[in-house]
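Chemist: Sharing start39.tsv (TSV, C-alpha atoms and all ligand atoms) below.
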```
chain	number	residue	atom	x	y	z
A	1	MET	CA	25.74	27.62	-105.96
A	2	PRO	CA	26.60	29.61	-102.85
A	3	ASP	CA	25.43	32.87	-101.33
A	4	VAL	CA	28.00	35.54	-100.56
A	5	GLU	CA	27.72	37.20	-97.19
A	6	PHE	CA	29.61	40.11	-95.62
A	7	ARG	CA	29.05	40.19	-91.85
A	8	ASN	CA	29.91	43.24	-89.75
A	9	ILE	CA	32.76	44.25	-92.01
A	10	VAL	CA	35.10	46.96	-90.79
A	11	LYS	CA	38.00	48.27	-92.86
A	12	ARG	CA	40.54	50.76	-91.62
A	13	PHE	CA	43.62	52.19	-93.27
A	14	GLY	CA	45.60	53.55	-90.30
A	15	SER	CA	43.32	56.05	-88.60
A	16	LEU	CA	40.95	56.22	-91.59
A	17	THR	CA	37.84	54.04	-91.26
A	18	VAL	CA	36.62	53.28	-94.77
A	19	LEU	CA	33.91	50.72	-93.92
A	20	GLU	CA	32.12	50.56	-90.57
A	21	ASN	CA	30.07	47.51	-89.73
A	22	LEU	CA	28.87	46.74	-93.24
A	23	ASN	CA	26.44	43.87	-93.84
A	24	LEU	CA	25.48	42.56	-97.25
A	25	LYS	CA	24.03	39.30	-98.50
A	26	ILE	CA	24.18	38.40	-102.18
A	27	ALA	CA	21.98	35.56	-103.40
A	28	ASP	CA	22.89	32.71	-105.73
A	29	GLY	CA	22.95	33.78	-109.34
A	30	GLU	CA	22.33	37.41	-108.53
A	31	PHE	CA	23.84	40.28	-110.54
A	32	LEU	CA	24.63	42.66	-107.69
A	33	VAL	CA	26.01	46.07	-108.59
A	34	LEU	CA	27.93	48.10	-106.00
A	35	LEU	CA	27.22	51.65	-107.13
A	36	GLY	CA	28.58	54.85	-105.65
A	37	PRO	CA	30.88	57.81	-106.17
A	38	SER	CA	34.65	57.49	-106.28
A	39	GLY	CA	36.18	56.82	-102.87
A	40	CYS	CA	33.06	55.38	-101.21
A	41	GLY	CA	34.66	51.96	-100.59
A	42	LYS	CA	33.37	49.80	-103.48
A	43	THR	CA	36.73	48.47	-104.62
A	44	THR	CA	37.88	47.88	-101.05
A	45	LEU	CA	34.79	45.74	-100.45
A	46	LEU	CA	35.33	43.78	-103.68
A	47	ASN	CA	39.03	43.29	-102.95
A	48	MET	CA	38.23	41.92	-99.50
A	49	LEU	CA	35.83	39.39	-101.07
A	50	ALA	CA	38.55	38.44	-103.57
A	51	GLY	CA	41.11	38.11	-100.76
A	52	LEU	CA	43.33	40.85	-102.19
A	53	GLN	CA	42.89	43.01	-99.06
A	54	GLU	CA	42.39	41.94	-95.46
A	55	THR	CA	39.38	42.89	-93.36
A	56	SER	CA	40.03	44.84	-90.15
A	57	ASP	CA	37.07	43.09	-88.55
A	58	GLY	CA	34.06	40.98	-89.53
A	59	THR	CA	33.71	37.87	-91.67
A	60	ILE	CA	33.04	36.95	-95.28
A	61	ALA	CA	31.28	33.72	-96.19
A	62	ILE	CA	30.73	32.03	-99.54
A	63	GLY	CA	28.03	29.41	-99.08
A	64	ASP	CA	28.78	27.64	-95.82
A	65	ARG	CA	32.51	28.40	-96.01
A	66	ASP	CA	34.06	31.19	-93.99
A	67	VAL	CA	36.57	32.56	-96.50
A	68	THR	CA	37.77	35.55	-94.45
A	69	ASP	CA	41.30	34.19	-94.06
A	70	LEU	CA	41.49	32.00	-97.16
A	71	ASP	CA	44.03	32.46	-99.90
A	72	PRO	CA	42.49	34.20	-102.98
A	73	LYS	CA	42.96	31.11	-105.14
A	74	ASP	CA	41.01	28.94	-102.70
A	75	ARG	CA	37.90	31.15	-102.60
A	76	GLY	CA	36.22	29.79	-105.73
A	77	LEU	CA	35.86	33.11	-107.50
A	78	ALA	CA	37.32	34.97	-110.46
A	79	MET	CA	37.93	38.68	-110.94
A	80	VAL	CA	37.98	40.96	-113.98
A	81	PHE	CA	39.94	44.18	-113.53
A	82	GLN	CA	39.51	47.61	-115.09
A	83	SER	CA	43.05	47.47	-116.47
A	84	TYR	CA	42.46	44.00	-118.04
A	85	ALA	CA	45.91	42.96	-116.70
A	86	LEU	CA	46.65	40.84	-119.78
A	87	TYR	CA	50.18	39.49	-120.31
A	88	PRO	CA	51.54	41.36	-123.34
A	89	THR	CA	54.01	38.63	-124.29
A	90	LYS	CA	51.45	35.80	-124.16
A	91	THR	CA	48.93	35.03	-126.89
A	92	VAL	CA	45.19	35.17	-126.22
A	93	LYS	CA	45.30	31.42	-125.66
A	94	GLY	CA	48.29	31.81	-123.33
A	95	ASN	CA	46.40	34.45	-121.37
A	96	LEU	CA	43.35	32.21	-121.06
A	97	LEU	CA	45.49	29.26	-119.97
A	98	PHE	CA	47.16	31.46	-117.39
A	99	GLY	CA	43.74	31.87	-115.77
A	100	LEU	CA	43.87	28.14	-115.12
A	101	SER	CA	47.38	27.92	-113.76
A	102	ALA	CA	46.26	27.71	-110.13
A	103	GLN	CA	43.96	24.78	-110.87
A	104	LYS	CA	45.35	21.30	-111.34
A	105	LEU	CA	43.71	20.21	-114.58
A	106	ASP	CA	44.83	17.85	-117.29
A	107	LYS	CA	45.71	19.26	-120.71
A	108	ALA	CA	42.53	18.04	-122.41
A	109	GLU	CA	40.32	19.73	-119.80
A	110	MET	CA	42.31	22.96	-120.10
A	111	GLN	CA	41.87	22.85	-123.86
A	112	ARG	CA	38.12	22.23	-123.48
A	113	ARG	CA	37.74	25.20	-121.13
A	114	VAL	CA	39.66	27.52	-123.46
A	115	GLU	CA	37.53	26.43	-126.44
A	116	TRP	CA	34.30	26.84	-124.49
A	117	ALA	CA	35.12	30.32	-123.12
A	118	SER	CA	36.59	31.63	-126.37
A	119	LYS	CA	33.52	30.52	-128.35
A	120	LEU	CA	31.18	32.03	-125.78
A	121	LEU	CA	33.01	35.36	-126.00
A	122	GLN	CA	33.54	35.16	-129.76
A	123	ILE	CA	37.32	35.36	-129.52
A	124	ASP	CA	37.98	31.85	-130.85
A	125	ALA	CA	39.44	33.25	-134.08
A	126	LEU	CA	41.92	35.37	-132.12
A	127	LEU	CA	43.61	32.73	-129.98
A	128	ASP	CA	47.06	33.11	-131.57
A	129	ARG	CA	47.18	36.90	-131.39
A	130	LYS	CA	49.00	38.99	-128.79
A	131	PRO	CA	47.08	41.65	-126.80
A	132	ALA	CA	48.73	44.47	-128.81
A	133	GLN	CA	47.03	43.08	-131.93
A	134	LEU	CA	43.55	43.35	-130.41
A	135	SER	CA	41.01	46.16	-130.18
A	136	GLY	CA	39.94	47.48	-126.77
A	137	GLY	CA	36.73	45.48	-126.88
A	138	GLN	CA	38.57	42.29	-127.82
A	139	ARG	CA	41.02	42.79	-124.95
A	140	GLN	CA	38.10	43.17	-122.60
A	141	ARG	CA	36.62	39.92	-123.90
A	142	VAL	CA	39.95	38.15	-123.26
A	143	ALA	CA	40.01	39.53	-119.71
A	144	ILE	CA	36.49	38.17	-119.14
A	145	GLY	CA	37.49	34.89	-120.81
A	146	ARG	CA	40.38	34.47	-118.42
A	147	ALA	CA	37.89	34.64	-115.55
A	148	LEU	CA	35.32	32.39	-117.28
A	149	VAL	CA	37.73	29.50	-117.91
A	150	LYS	CA	38.05	29.04	-114.16
A	151	ASN	CA	34.49	27.71	-114.13
A	152	VAL	CA	33.76	29.17	-110.68
A	153	ASP	CA	30.41	30.23	-109.21
A	154	VAL	CA	31.19	33.85	-108.33
A	155	PHE	CA	32.57	36.51	-110.68
A	156	LEU	CA	33.83	39.90	-109.55
A	157	PHE	CA	34.07	42.87	-111.91
A	158	ASP	CA	35.85	46.09	-110.93
A	159	GLU	CA	34.78	48.91	-113.28
A	160	PRO	CA	35.55	46.67	-116.26
A	161	LEU	CA	34.04	48.97	-118.90
A	162	SER	CA	35.40	52.36	-117.94
A	163	ASN	CA	38.28	52.24	-120.44
A	164	LEU	CA	35.98	51.58	-123.40
A	165	ASP	CA	34.34	54.14	-125.65
A	166	ALA	CA	30.59	54.68	-125.39
A	167	LYS	CA	29.62	52.32	-128.21
A	168	LEU	CA	31.78	49.45	-126.97
A	169	ARG	CA	30.61	50.04	-123.43
A	170	THR	CA	27.01	49.50	-124.51
A	171	GLU	CA	28.01	46.40	-126.45
A	172	MET	CA	29.93	44.90	-123.50
A	173	ARG	CA	27.08	45.66	-121.09
A	174	LEU	CA	24.80	43.54	-123.25
A	175	GLU	CA	27.48	40.89	-123.59
A	176	ILE	CA	28.04	40.57	-119.84
A	177	LYS	CA	24.28	40.50	-119.27
A	178	ARG	CA	23.91	37.77	-121.86
A	179	LEU	CA	26.64	35.74	-120.15
A	180	HIS	CA	24.87	36.18	-116.82
A	181	ASN	CA	21.55	35.05	-118.28
A	182	GLU	CA	23.18	32.03	-119.90
A	183	LEU	CA	25.47	30.89	-117.10
A	184	LYS	CA	23.38	31.98	-114.09
A	185	LYS	CA	26.49	32.66	-112.00
A	186	THR	CA	26.70	35.17	-109.19
A	187	ILE	CA	28.18	38.49	-110.31
A	188	VAL	CA	29.38	41.32	-108.08
A	189	PHE	CA	30.01	44.34	-110.29
A	190	VAL	CA	31.54	47.63	-109.12
A	191	THR	CA	30.76	50.88	-110.96
A	192	HIS	CA	30.23	54.60	-110.41
A	193	ASP	CA	28.03	54.72	-113.53
A	194	GLN	CA	24.30	54.86	-112.73
A	195	ILE	CA	23.19	53.84	-116.21
A	196	GLU	CA	25.47	50.81	-116.13
A	197	ALA	CA	23.97	49.82	-112.78
A	198	MET	CA	20.37	50.42	-113.87
A	199	THR	CA	20.71	48.41	-117.07
A	200	MET	CA	22.69	45.45	-115.74
A	201	ALA	CA	21.81	44.75	-112.12
A	202	THR	CA	19.22	42.45	-110.63
A	203	ARG	CA	19.88	44.45	-107.42
A	204	ILE	CA	21.88	47.58	-106.75
A	205	ALA	CA	23.61	48.47	-103.47
A	206	VAL	CA	24.03	52.26	-103.50
A	207	MET	CA	27.04	53.24	-101.37
A	208	ASN	CA	28.27	56.53	-100.01
A	209	GLY	CA	30.93	57.21	-97.41
A	210	GLY	CA	31.47	53.50	-96.71
A	211	VAL	CA	27.79	52.89	-95.97
A	212	ILE	CA	25.19	51.06	-98.05
A	213	GLN	CA	22.53	53.75	-98.36
A	214	GLN	CA	19.97	51.56	-100.06
A	215	ILE	CA	19.73	48.14	-101.63
A	216	GLY	CA	17.03	47.08	-104.06
A	217	THR	CA	16.09	46.35	-107.66
A	218	PRO	CA	16.80	49.11	-110.18
A	219	ASP	CA	13.07	49.93	-110.25
A	220	GLU	CA	12.77	50.12	-106.46
A	221	ILE	CA	15.78	52.39	-106.19
A	222	TYR	CA	14.64	54.65	-108.99
A	223	GLU	CA	10.99	54.82	-107.94
A	224	ARG	CA	11.49	54.95	-104.18
A	225	PRO	CA	14.91	56.38	-103.29
A	226	LYS	CA	15.39	56.16	-99.53
A	227	ASN	CA	17.17	59.48	-99.06
A	228	LEU	CA	18.37	62.58	-100.85
A	229	PHE	CA	21.77	61.10	-101.66
A	230	VAL	CA	20.25	58.10	-103.47
A	231	ALA	CA	17.73	60.29	-105.30
A	232	SER	CA	20.34	62.71	-106.56
A	233	PHE	CA	22.91	60.04	-107.40
A	234	ILE	CA	20.43	57.93	-109.35
A	235	GLY	CA	18.84	61.01	-110.87
A	236	SER	CA	15.35	59.87	-109.96
A	237	PRO	CA	12.45	62.31	-109.89
A	238	ALA	CA	11.91	62.33	-106.09
B	301	LIG	P1	35.91	53.30	-104.61
B	301	LIG	O1	36.21	51.96	-105.17
B	301	LIG	O2	34.49	53.45	-104.20
B	301	LIG	O3	36.36	54.42	-105.51
B	301	LIG	P2	37.96	52.64	-102.70
B	301	LIG	O4	37.47	51.39	-102.09
B	301	LIG	O5	39.02	52.53	-103.74
B	301	LIG	O6	36.74	53.48	-103.26
B	301	LIG	O7	38.52	53.60	-101.55
B	301	LIG	C1	37.77	53.91	-100.39
B	301	LIG	C2	38.57	54.82	-99.49
B	301	LIG	O8	39.68	54.10	-98.98
B	301	LIG	C3	39.13	56.05	-100.17
B	301	LIG	O9	39.06	57.11	-99.26
B	301	LIG	C4	40.56	55.67	-100.45
B	301	LIG	O10	41.37	56.81	-100.49
B	301	LIG	C5	40.88	54.79	-99.26
B	301	LIG	N1	41.90	53.79	-99.57
B	301	LIG	C6	41.77	52.77	-100.47
B	301	LIG	N2	42.88	52.00	-100.49
B	301	LIG	C7	43.74	52.56	-99.59
B	301	LIG	C8	45.05	52.22	-99.13
B	301	LIG	N3	45.70	51.16	-99.61
B	301	LIG	N4	45.61	53.00	-98.18
B	301	LIG	C9	44.94	54.07	-97.66
B	301	LIG	N5	43.70	54.43	-98.04
B	301	LIG	C10	43.11	53.69	-98.99
```
Could the structure of this file be written out as structure tokens, please?
Ligand code: ADP
Modeler:
Amino acid sequence: MPDVEFRNIVKRFGSLTVLENLNLKIADGEFLVLLGPSGCGKTTLLNMLAGLQETSDGTIAIGDRDVTDLDPKDRGLAMVFQSYALYPTKTVKGNLLFGLSAQKLDKAEMQRRVEWASKLLQIDALLDRKPAQLSGGQRQRVAIGRALVKNVDVFLFDEPLSNLDAKLRTEMRLEIKRLHNELKKTIVFVTHDQIEAMTMATRIAVMNGGVIQQIGTPDEIYERPKNLFVASFIGSPA
């Protein structure tokens, strides 16, 4: 499985510089959380890794491949969005199959992937339903399933739990952590929620104003915040 590496990333929107010379290396199988307040550049960074936004400068590598200019579908990753982005007219099964439409697989393999992912996410009894017939938590599971079926090494999550109520949020945190423990895939997870970051991450990159202020394990960040911003954002005692 590959590392992910951002090298000297710059991102500008017109005269606004959102990211200035950002460097970040994410190890194989790591659960890396990008944590920071709204507007600090987390989603922009994730979108550039996914290939949904271009970099202004710098390079992005996955393993030994420079993916900076690659088409999103050729990057070997899958993304789960905050909005779920499910197709309302397709069934759960149709939505899962849609996740595979860019890959050239035979029918039997597609069927196997759908069965595997739906069992893993406990949505195998819901395959014939439409999204409108599902609860919020079930929709979220389908959105994750659509990424899982792709069988890639790197999964990107953009604030996937922020539309759920507190109880479901806790449940889905545990669920995503369980999937990570079982599958050992690399996860890059964007959130502004400190508790989410502290409970899920193997490492947290705390961002503010387009800069990574500190990167470390949840314990390191909590026990030894590097500056006042990190201390106050994490709510640690320093
Ligand atoms: P976060 O995910 O941390 O909330 P974003 O990455 O969405 O932050 O945004 C970072 C900054 O870039 C913000 O100031 C935002 O207004 C700006 N920004 C994001 N997308 C665009 C865009 N398409 N055009 C102009 N500015 C943008």
Chemist: Which residues come within 9 Å of A:Gly209, counting all atoms listed in the file, excluding same-chain residues fewer than 5 positions away, as a list of chain:residue names?
Modeler: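 The filter keeps A:Val18, A:Leu19, A:Gly36, A:Pro37, A:Gly39, A:Cys40, A:Gly41.
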Chemist: What do you get as a ChimeraX atom specification if you pick all residues at most 10 Å from ligand LIG 301 (chain B), counting only C-alpha atoms and all ligand atoms?
Modeler: /A:11-19,34-48,53,158-159,190-192,207-210
Chemist: Produce a table with one row for each residue of stretch 105-199 of chain A that has an atom at most 7 Å from any atom of stretch 66-76 of chain A, each row naming the nearest atom pair and its distance in Å at one decimal; use only C-alpha atoms; arrange rows by chain and rising residue number; format as a tab-separated table.
Modeler:
```
residue	atom	partner	partner_atom	distance
A:Val152	CA	A:Gly76	CA	5.6
A:Asp153	CA	A:Gly76	CA	6.8
A:Val154	CA	A:Gly76	CA	7.0
```
Chemist: Neighbouring residues of A:Leu97 were defined as those with any atom within 12 Å, considering only C-alpha atoms; residues of the same chain fewer than 2 positions away were excluded. Please report them as a count of residues only.
Modeler: 36
Chemist: Which distance in Å separates atom CA of A:Asn163 and atom CA of A:Met200, to one decimal?
Modeler: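 That distance, rounded to one decimal, is 17.6 Å.
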Chemist: Find the residues with any atom within 12 Å of (15.2, 58.6, -104.3); use all atoms listed in the file and the coordinates as given in the file, and write the answer as a list in words.
Modeler: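 Protein and nucleic acid residues near the point are Val206, Gln213, Gln214, Ile215, Gly216, Pro218, Asp219, Glu220, Ile221, Tyr222, Glu223, Arg224, Pro225, Lys226, Asn227, Leu228, Phe229, Val230, Ala231, Ser232, Phe233, Ile234, Gly235, Ser236, Pro237 and Ala238 of chain A.
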Chemist: Could you check which of A:Val188, A:Leu96, A:Ile144, A:Ile212 is closest to A:Ala50, using all atoms listed in the file?
Modeler: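 Using all atoms listed in the file, A:Ala50 sits closest to A:Val188.
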Chemist: Taking into account all atoms listed in the file, which residue in the set A:Phe155, A:Phe6, A:Phe189, A:Trp116 is nearest to A:Ile60?
Modeler: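 Using all atoms listed in the file, A:Ile60 sits closest to A:Phe6.
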Chemist: Separation of atom CA of A:Arg169 and atom CA of A:Met198, in Å?
Modeler: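 So the answer is 14.0 Å.
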Chemist: Take every atom of stretch 176-179 of chain A listed in the file, pad by 4 Å on each side, and give me the axis-aligned box centre and edge lengths in Å, one decimal, as lines of an AutoDock Vina configuration file.
Modeler:
```
center_x = 26.0
center_y = 38.2
center_z = -120.6
size_x = 12.1
size_y = 12.8
size_z = 10.6
```
Chemist: What is the atom CA of A:Thr89-atom CA of A:Lys119 distance in Å, reported with one decimal?
Modeler: 22.4 Å
Chemist: Looking at A:Ala27, A:Leu22, A:Ile123, A:Leu164, which one is nearest to A:Gln82, with distances taken over all atoms listed in the file?
Modeler: A:Leu164
Chemist: When distances are computed from all atoms listed in the file, which of A:Ser162, A:Gln140, A:Ser83, A:Asn151 shows the smallest separation from A:Thr186?
Modeler: A:Asn151
